[in-house]
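File shown: final-v6.tsv (TSV, C-alpha atoms).
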chain	number	residue	atom	x	y	z
A	1126	MET	CA	-31.07	-2.81	-11.31
A	1127	PRO	CA	-33.65	-0.05	-11.79
A	1128	ALA	CA	-33.48	1.92	-15.03
A	1129	GLN	CA	-32.40	5.06	-13.21
A	1130	ALA	CA	-29.66	3.14	-11.44
A	1131	LYS	CA	-28.34	1.78	-14.72
A	1132	GLY	CA	-27.97	5.28	-16.11
A	1133	GLU	CA	-26.25	6.64	-13.06
A	1134	ALA	CA	-24.00	3.63	-12.61
A	1135	SER	CA	-22.91	3.41	-16.22
A	1136	THR	CA	-19.60	5.16	-15.72
A	1137	ALA	CA	-17.90	1.77	-15.93
A	1138	ARG	CA	-15.75	1.09	-18.96
A	1139	PRO	CA	-16.93	-2.19	-20.53
A	1140	SER	CA	-13.38	-3.23	-21.31
A	1141	ALA	CA	-12.03	-2.33	-17.88
A	1142	LYS	CA	-10.90	-5.33	-15.88
A	1143	PRO	CA	-10.00	-5.09	-12.20
A	1144	ALA	CA	-6.24	-5.17	-12.12
A	1145	THR	CA	-4.39	-7.45	-9.77
A	1146	PRO	CA	-3.37	-4.58	-7.44
A	1147	ALA	CA	-6.88	-3.22	-7.27
A	1148	HIS	CA	-8.52	-5.38	-4.72
A	1149	GLU	CA	-8.93	-7.15	-1.58
A	1150	HIS	CA	-12.00	-8.25	-3.57
A	1151	GLY	CA	-12.21	-11.82	-2.46
A	1152	GLN	CA	-10.10	-13.04	-5.40
A	1153	ALA	CA	-8.11	-15.87	-3.90
A	1154	MET	CA	-5.05	-15.46	-6.12
A	1155	SER	CA	-4.67	-11.67	-5.80
A	1156	PRO	CA	-1.48	-10.67	-4.01
A	1157	PRO	CA	-1.63	-7.98	-1.32
A	1158	LEU	CA	-1.20	-4.38	-2.34
A	1159	THR	CA	2.25	-2.93	-2.24
A	1160	GLU	CA	2.82	0.11	-0.05
A	1161	ARG	CA	2.73	2.36	-3.12
A	1162	GLN	CA	-0.47	0.77	-4.43
A	1163	GLU	CA	-2.13	1.07	-1.03
A	1164	ALA	CA	-1.19	4.75	-0.83
A	1165	ARG	CA	-2.68	5.29	-4.30
A	1166	ARG	CA	-5.87	3.49	-3.31
A	1167	ARG	CA	-6.13	5.63	-0.18
A	1168	ARG	CA	-5.80	8.81	-2.22
A	1169	ILE	CA	-8.57	7.64	-4.54
A	1170	LEU	CA	-10.93	6.82	-1.66
A	1171	ARG	CA	-10.16	10.13	0.04
A	1172	ALA	CA	-10.86	12.07	-3.17
A	1173	ALA	CA	-14.15	10.21	-3.69
A	1174	ALA	CA	-15.24	10.92	-0.11
A	1175	GLN	CA	-14.41	14.62	-0.46
A	1176	LEU	CA	-16.32	15.00	-3.72
A	1177	ALA	CA	-19.30	13.06	-2.37
A	1178	GLY	CA	-19.25	15.09	0.84
A	1179	ARG	CA	-19.57	18.30	-1.17
A	1180	GLY	CA	-22.23	17.25	-3.66
A	1181	GLY	CA	-23.44	13.70	-3.12
A	1182	PHE	CA	-23.60	10.88	-5.66
A	1183	ASP	CA	-23.80	13.05	-8.77
A	1184	ALA	CA	-20.73	15.07	-7.73
A	1185	VAL	CA	-18.50	12.01	-7.93
A	1186	GLN	CA	-17.19	11.91	-11.50
A	1187	MET	CA	-14.43	9.46	-12.29
A	1188	ARG	CA	-12.33	12.02	-14.19
A	1189	GLU	CA	-12.48	14.43	-11.25
A	1190	VAL	CA	-11.61	11.64	-8.82
A	1191	ALA	CA	-8.57	10.79	-10.95
A	1192	GLU	CA	-7.46	14.41	-11.07
A	1193	SER	CA	-7.98	14.96	-7.34
A	1194	SER	CA	-6.11	11.78	-6.40
A	1195	GLN	CA	-3.34	12.43	-8.95
A	1196	VAL	CA	-3.72	9.13	-10.78
A	1197	ALA	CA	-4.31	8.44	-14.47
A	1198	LEU	CA	-7.94	7.81	-15.40
A	1199	GLY	CA	-7.05	4.36	-16.73
A	1200	THR	CA	-5.36	3.53	-13.43
A	1201	LEU	CA	-8.47	4.60	-11.53
A	1202	TYR	CA	-10.63	2.27	-13.61
A	1203	ARG	CA	-8.26	-0.61	-12.89
A	1204	TYR	CA	-8.76	-0.06	-9.19
A	1205	PHE	CA	-12.49	0.67	-9.41
A	1206	PRO	CA	-14.36	-0.27	-12.64
A	1207	SER	CA	-17.23	2.17	-11.96
A	1208	LYS	CA	-18.44	4.91	-9.68
A	1209	VAL	CA	-20.63	2.41	-7.84
A	1210	HIS	CA	-17.63	0.16	-7.13
A	1211	LEU	CA	-15.74	3.21	-5.89
A	1212	LEU	CA	-18.47	4.52	-3.58
A	1213	VAL	CA	-19.24	1.11	-2.07
A	1214	ALA	CA	-15.51	0.73	-1.36
A	1215	THR	CA	-15.61	4.22	0.16
A	1216	MET	CA	-18.34	3.10	2.53
A	1217	GLN	CA	-16.27	0.11	3.59
A	1218	ASP	CA	-13.35	2.44	4.22
A	1219	GLN	CA	-15.50	4.85	6.25
A	1220	LEU	CA	-16.88	1.98	8.35
A	1221	GLU	CA	-13.35	0.69	8.94
A	1222	ARG	CA	-12.32	4.11	10.21
A	1223	MET	CA	-15.38	4.27	12.48
A	1224	HIS	CA	-14.56	0.80	13.79
A	1225	GLY	CA	-11.11	2.01	14.79
A	1226	THR	CA	-12.65	4.94	16.66
A	1227	LEU	CA	-15.13	2.65	18.41
A	1228	ARG	CA	-12.35	0.34	19.55
A	1229	LYS	CA	-10.57	3.27	21.18
A	1230	LYS	CA	-13.75	4.18	23.07
A	1231	PRO	CA	-15.96	1.08	23.38
A	1232	PRO	CA	-19.69	1.36	24.20
A	1233	ALA	CA	-20.53	1.41	27.89
A	1234	GLY	CA	-23.86	-0.45	27.97
A	1235	GLU	CA	-24.28	-3.27	30.46
A	1236	SER	CA	-25.85	-5.81	28.10
A	1237	PRO	CA	-24.70	-6.83	24.61
A	1238	ALA	CA	-27.96	-5.46	23.17
A	1239	GLU	CA	-27.37	-2.06	24.79
A	1240	ARG	CA	-23.77	-1.93	23.56
A	1241	VAL	CA	-24.72	-2.80	19.99
A	1242	ALA	CA	-27.52	-0.21	19.93
A	1243	GLU	CA	-25.14	2.45	21.27
A	1244	THR	CA	-22.46	1.46	18.75
A	1245	LEU	CA	-24.81	1.61	15.77
A	1246	MET	CA	-26.21	4.96	16.84
A	1247	ARG	CA	-22.68	6.35	17.17
A	1248	THR	CA	-21.94	5.08	13.68
A	1249	PHE	CA	-25.22	6.57	12.47
A	1250	ARG	CA	-24.37	9.96	13.97
A	1251	ALA	CA	-20.97	9.89	12.29
A	1252	LEU	CA	-22.71	9.42	8.94
A	1253	GLN	CA	-25.25	12.07	9.88
A	1254	ARG	CA	-22.46	14.65	10.12
A	1255	GLU	CA	-21.84	14.26	6.37
A	1256	PRO	CA	-25.28	13.62	4.87
A	1257	HIS	CA	-24.18	14.11	1.24
A	1258	LEU	CA	-21.46	11.50	1.63
A	1259	ALA	CA	-23.83	9.13	3.43
A	1260	ASP	CA	-26.43	9.54	0.71
A	1261	ALA	CA	-23.87	8.87	-2.04
A	1262	MET	CA	-22.62	5.70	-0.38
A	1263	VAL	CA	-26.10	4.36	0.35
A	1264	ARG	CA	-27.23	5.09	-3.21
A	1265	ALA	CA	-24.23	3.17	-4.49
A	1266	LEU	CA	-25.14	0.20	-2.32
A	1267	THR	CA	-28.69	0.37	-3.63
A	1268	PHE	CA	-27.52	0.51	-7.25
A	1269	ALA	CA	-24.95	-2.28	-6.87
A	1270	ASP	CA	-25.41	-5.30	-9.11
A	1271	ARG	CA	-23.61	-8.64	-9.02
A	1272	SER	CA	-20.40	-7.14	-10.37
A	1273	VAL	CA	-20.10	-5.17	-7.12
A	1274	SER	CA	-20.72	-8.18	-4.87
A	1275	PRO	CA	-17.13	-8.33	-3.53
A	1276	GLU	CA	-17.27	-4.69	-2.40
A	1277	VAL	CA	-20.76	-5.12	-0.93
A	1278	ASP	CA	-19.53	-8.20	0.94
A	1279	GLN	CA	-16.71	-6.11	2.40
A	1280	VAL	CA	-19.24	-3.59	3.71
A	1281	SER	CA	-21.30	-6.39	5.24
A	1282	ARG	CA	-18.26	-8.01	6.86
A	1283	GLN	CA	-17.15	-4.69	8.30
A	1284	THR	CA	-20.61	-4.02	9.74
A	1285	THR	CA	-20.72	-7.54	11.20
A	1286	ALA	CA	-17.31	-7.02	12.81
A	1287	ILE	CA	-18.50	-3.77	14.41
A	1288	ILE	CA	-21.58	-5.48	15.84
A	1289	LEU	CA	-19.70	-8.56	17.11
A	1290	ASP	CA	-17.09	-6.34	18.78
A	1291	ALA	CA	-19.84	-4.45	20.58
A	1292	MET	CA	-21.38	-7.76	21.67
A	1293	GLY	CA	-18.00	-8.93	22.96
A	1294	GLN	CA	-18.46	-12.03	20.85
A	1295	ASP	CA	-15.75	-13.65	18.75
A	1296	ASP	CA	-17.39	-17.07	18.34
A	1297	PRO	CA	-21.07	-16.40	17.57
A	1298	THR	CA	-23.60	-19.19	17.19
A	1299	PRO	CA	-25.60	-19.54	13.96
A	1300	GLN	CA	-28.59	-18.03	15.78
A	1301	GLN	CA	-26.53	-15.03	16.86
A	1302	LEU	CA	-25.22	-14.52	13.33
A	1303	SER	CA	-28.80	-14.60	12.07
A	1304	ALA	CA	-29.71	-11.91	14.60
A	1305	VAL	CA	-26.71	-9.84	13.47
A	1306	ARG	CA	-27.88	-10.05	9.85
A	1307	VAL	CA	-31.37	-8.83	10.80
A	1308	ILE	CA	-29.79	-5.96	12.77
A	1309	GLU	CA	-27.64	-5.05	9.75
A	1310	HIS	CA	-30.71	-5.02	7.48
A	1311	THR	CA	-32.59	-2.82	9.93
A	1312	TRP	CA	-29.66	-0.42	10.30
A	1313	HIS	CA	-29.34	-0.07	6.55
A	1314	SER	CA	-33.09	0.45	6.12
A	1315	ALA	CA	-33.10	3.03	8.91
A	1316	LEU	CA	-30.29	4.91	7.17
A	1317	ILE	CA	-32.28	4.99	3.93
A	1318	THR	CA	-35.48	6.19	5.60
A	1319	TRP	CA	-33.59	8.90	7.51
A	1320	LEU	CA	-31.79	10.10	4.37
A	1321	SER	CA	-35.12	10.32	2.53
A	1322	GLY	CA	-36.64	12.37	5.36
A	1323	ARG	CA	-39.11	9.65	6.33
A	1324	ALA	CA	-37.68	8.96	9.78
A	1325	SER	CA	-36.30	11.10	12.58
A	1326	ILE	CA	-33.19	10.29	14.58
A	1327	ALA	CA	-35.45	9.50	17.54
A	1328	GLN	CA	-37.35	6.97	15.46
A	1329	VAL	CA	-34.11	5.43	14.25
A	1330	ARG	CA	-32.93	5.02	17.84
A	1331	ILE	CA	-36.17	3.30	18.87
A	1332	ASP	CA	-35.95	0.93	15.90
A	1333	MET	CA	-32.33	0.06	16.64
A	1334	GLU	CA	-32.96	-0.52	20.33
A	1335	THR	CA	-35.90	-2.75	19.43
A	1336	VAL	CA	-34.09	-4.91	16.89
A	1337	CYS	CA	-31.02	-5.22	19.12
A	1338	ARG	CA	-33.13	-7.14	21.62
A	1339	LEU	CA	-32.69	-10.08	19.27
A	1340	ILE	CA	-29.17	-10.36	20.67
A	1341	ASP	CA	-30.50	-11.22	24.12
A	1342	LEU	CA	-33.08	-13.61	22.65
A	1343	THR	CA	-30.43	-15.55	20.74
A	1344	ALA	CA	-27.83	-15.67	23.52
A	1345	PRO	CA	-26.74	-19.25	24.35
A	1346	ASP	CA	-28.50	-20.75	27.34
A	1347	LYS	CA	-25.90	-20.96	30.10
A	1348	SER	CA	-28.10	-22.88	32.52
Written form, structure tokens:
Amino acid sequence: MPAQAKGEASTARPSAKPATPAHEHGQAMSPPLTERQEARRRRILRAAAQLAGRGGFDAVQMREVAESSQVALGTLYRYFPSKVHLLVATMQDQLERMHGTLRKKPPAGESPAERVAETLMRTFRALQREPHLADAMVRALTFADRSVSPEVDQVSRQTTAIILDAMGQDDPTPQQLSAVRVIEHTWHSALITWLSGRASIAQVRIDMETVCRLIDLTAPDKS
């Protein structure tokens, strides 16, 4: 992790351990959240998104998140050991919400490549409407080290699910999954370059339409 990232991500408490109710974090033995725990987690994610939306990464302070979500600071750290964990989980939550919206109004393109490109641009525009929040979440992903791998994996799985839904594919081949990974990398890179002012929305669209052609190239031969 870069030196700057270490400083900004160091809000974690060294002694804090993710509590059992804290995660769908890939821990095989963790029981599901209770209704009360899930409601608390939702409040935390909503508070983090609101603070990030107003002031970006630096505006998200764990004490303020705890106060806004009406949970004890120690409880917050049991759910999310650091600000980076929290903001990566926020991105997963935002993508999940976008996925629900996309399912209600699926893309209309004729080919899988066209549908995926349309879907990713719709997701991109949703993030574009709240640039401070988008910047905070992307910075958290960039700063994430191995301790945040479960949350990062959740973001990746959610993005993959969005792409596969747009493709109309529930049993992808290894070649198709490889294409999906390249598309995810390109989408993430495009988001970074747009947030830094190095790419216009038009350029992002061209890049996404180009990389989505991999979907057609990796489609199984039906002949």
Counting all atoms listed in the file, the residue among A:Gly1181, A:Leu1158, A:Thr1285, A:Met1223 that lies closest to Val1241 in chain A is A:Thr1285
Can you tell me which residues surround range 1342-1345 of chain A at a distance of at most 10 Å, considering only C-alpha atoms, apart from same-chain residues fewer than 4 positions away, and format the answer as a PyMOL selection string? chain A and resi 1237-1238+1297-1305+1337-1338
Could you check which residues have any atom within 9 Å of (-20.1, -5.1, -10.6), counting all atoms listed in the file with coordinates taken straight from the file, and then list them as an mmCIF file with C-alpha atoms, keeping the file's coordinate frame?
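Full text of out.cif as output:
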data_model
loop_
_atom_site.group_PDB
_atom_site.id
_atom_site.type_symbol
_atom_site.label_atom_id
_atom_site.label_comp_id
_atom_site.auth_asym_id
_atom_site.auth_seq_id
_atom_site.Cartn_x
_atom_site.Cartn_y
_atom_site.Cartn_z
ATOM 1 C CA ALA A 1137 -17.900 1.770 -15.930
ATOM 2 C CA PRO A 1206 -14.360 -0.270 -12.640
ATOM 3 C CA SER A 1207 -17.230 2.170 -11.960
ATOM 4 C CA VAL A 1209 -20.630 2.410 -7.840
ATOM 5 C CA HIS A 1210 -17.630 0.160 -7.130
ATOM 6 C CA ALA A 1269 -24.950 -2.280 -6.870
ATOM 7 C CA ASP A 1270 -25.410 -5.300 -9.110
ATOM 8 C CA ARG A 1271 -23.610 -8.640 -9.020
ATOM 9 C CA SER A 1272 -20.400 -7.140 -10.370
ATOM 10 C CA VAL A 1273 -20.100 -5.170 -7.120
ATOM 11 C CA SER A 1274 -20.720 -8.180 -4.870
ATOM 12 C CA PRO A 1275 -17.130 -8.330 -3.530
ATOM 13 C CA GLU A 1276 -17.270 -4.690 -2.400
#
Using only C-alpha atoms, the residue out of A:Arg1306, A:His1257, A:Arg1247, A:Arg1264 with shortest distance to Ile1326 in chain A is A:Arg1247
Env of range 1160-1168 of chain A: 10 Å cut, atoms = all atoms listed in the file, seq-sep filter 6 positions within chain, self excluded. Answer as an mmCIF file with C-alpha atoms, in the frame of the given file.
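Below is the file that was written, selection-v5.cif:
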data_model
loop_
_atom_site.group_PDB
_atom_site.id
_atom_site.type_symbol
_atom_site.label_atom_id
_atom_site.label_comp_id
_atom_site.auth_asym_id
_atom_site.auth_seq_id
_atom_site.Cartn_x
_atom_site.Cartn_y
_atom_site.Cartn_z
ATOM 1 C CA PRO A 1146 -3.370 -4.580 -7.440
ATOM 2 C CA ALA A 1147 -6.880 -3.220 -7.270
ATOM 3 C CA HIS A 1148 -8.520 -5.380 -4.720
ATOM 4 C CA ALA A 1174 -15.240 10.920 -0.110
ATOM 5 C CA VAL A 1190 -11.610 11.640 -8.820
ATOM 6 C CA ALA A 1191 -8.570 10.790 -10.950
ATOM 7 C CA SER A 1193 -7.980 14.960 -7.340
ATOM 8 C CA SER A 1194 -6.110 11.780 -6.400
ATOM 9 C CA GLN A 1195 -3.340 12.430 -8.950
ATOM 10 C CA VAL A 1196 -3.720 9.130 -10.780
ATOM 11 C CA THR A 1200 -5.360 3.530 -13.430
ATOM 12 C CA LEU A 1201 -8.470 4.600 -11.530
ATOM 13 C CA TYR A 1204 -8.760 -0.060 -9.190
ATOM 14 C CA PHE A 1205 -12.490 0.670 -9.410
ATOM 15 C CA THR A 1215 -15.610 4.220 0.160
ATOM 16 C CA ASP A 1218 -13.350 2.440 4.220
#
Exercise. So what do you get for CA of Ile1288 in chain A versus CA of Pro1156 in chain A, distance-wise?
Worked result: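 Between these atoms lies a distance of 28.7 Å.
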**OP:** Excluding Gln1186 in chain A and any residue of its chain fewer than 5 positions from it, enumerate the residues within 9 Å of it, using all atoms listed in the file, and give them as number ranges by chain.
**Re:** A: 1136, 1173, 1176, 1191, 1208
Q.
When you look at Asp1295 in chain A with a cut-off of 10 Å (counting only C-alpha atoms), what residues show up, excluding the ones that are within fewer than 4 positions of it in the same chain? I need them as a list in words.
A. Ala1286, Leu1289 and Asp1290 of chain A
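Put simply, CA of Ser1321 in chain A is 12.4 Å away from CA of Gln1253 in chain A.
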Shortest contact to Gly1293 in chain A, candidates A:Lys1229, A:Arg1203, A:Arg1188, A:Arg1240, atoms counted only C-alpha atoms, goes to A:Arg1240
Taking all atoms listed in the file into account, name the residue in A:Thr1267, A:Gln1175, A:Thr1159, A:Gln1219 that is nearest to Leu1252 in chain A.
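Residue with the minimum atom-to-atom distance to Leu1252 in chain A: A:Gln1219.
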Atom pair CA of Glu1309 in chain A + CA of Met1187 in chain A, distance 29.5 Å
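You can rank A:Ala1184, A:Ala1172, A:Val1213, A:Ala1197 by their closest distance to Phe1268 in chain A using all atoms listed in the file, and at the top of that list sits A:Val1213.
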Let me make sure I understand: among A:Leu1320, A:Ile1287, A:Val1280, A:Leu1339, which one has the smallest atom-to-atom distance to Val1307 in chain A if we use all atoms listed in the file?
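Using all atoms listed in the file, Val1307 in chain A sits closest to A:Leu1339.
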Expected axis-aligned box over every listed atom of range 1303-1315 of chain A, 4 Å added per side, centre plus edges in Å to one decimal, as JSON:
{"center_x": -29.9, "center_y": -5.8, "center_z": 10.4, "size_x": 14.4, "size_y": 25.6, "size_z": 16.5}
- Got a sec: who's within 10 Å of Pro1231 in chain A, counting only C-alpha atoms, leaving out chain neighbours fewer than 4 positions off, as a list in words? His1224, Gly1225, Thr1226, Leu1227, Arg1240, Glu1243, Thr1244, Asp1290 and Ala1291 of chain A
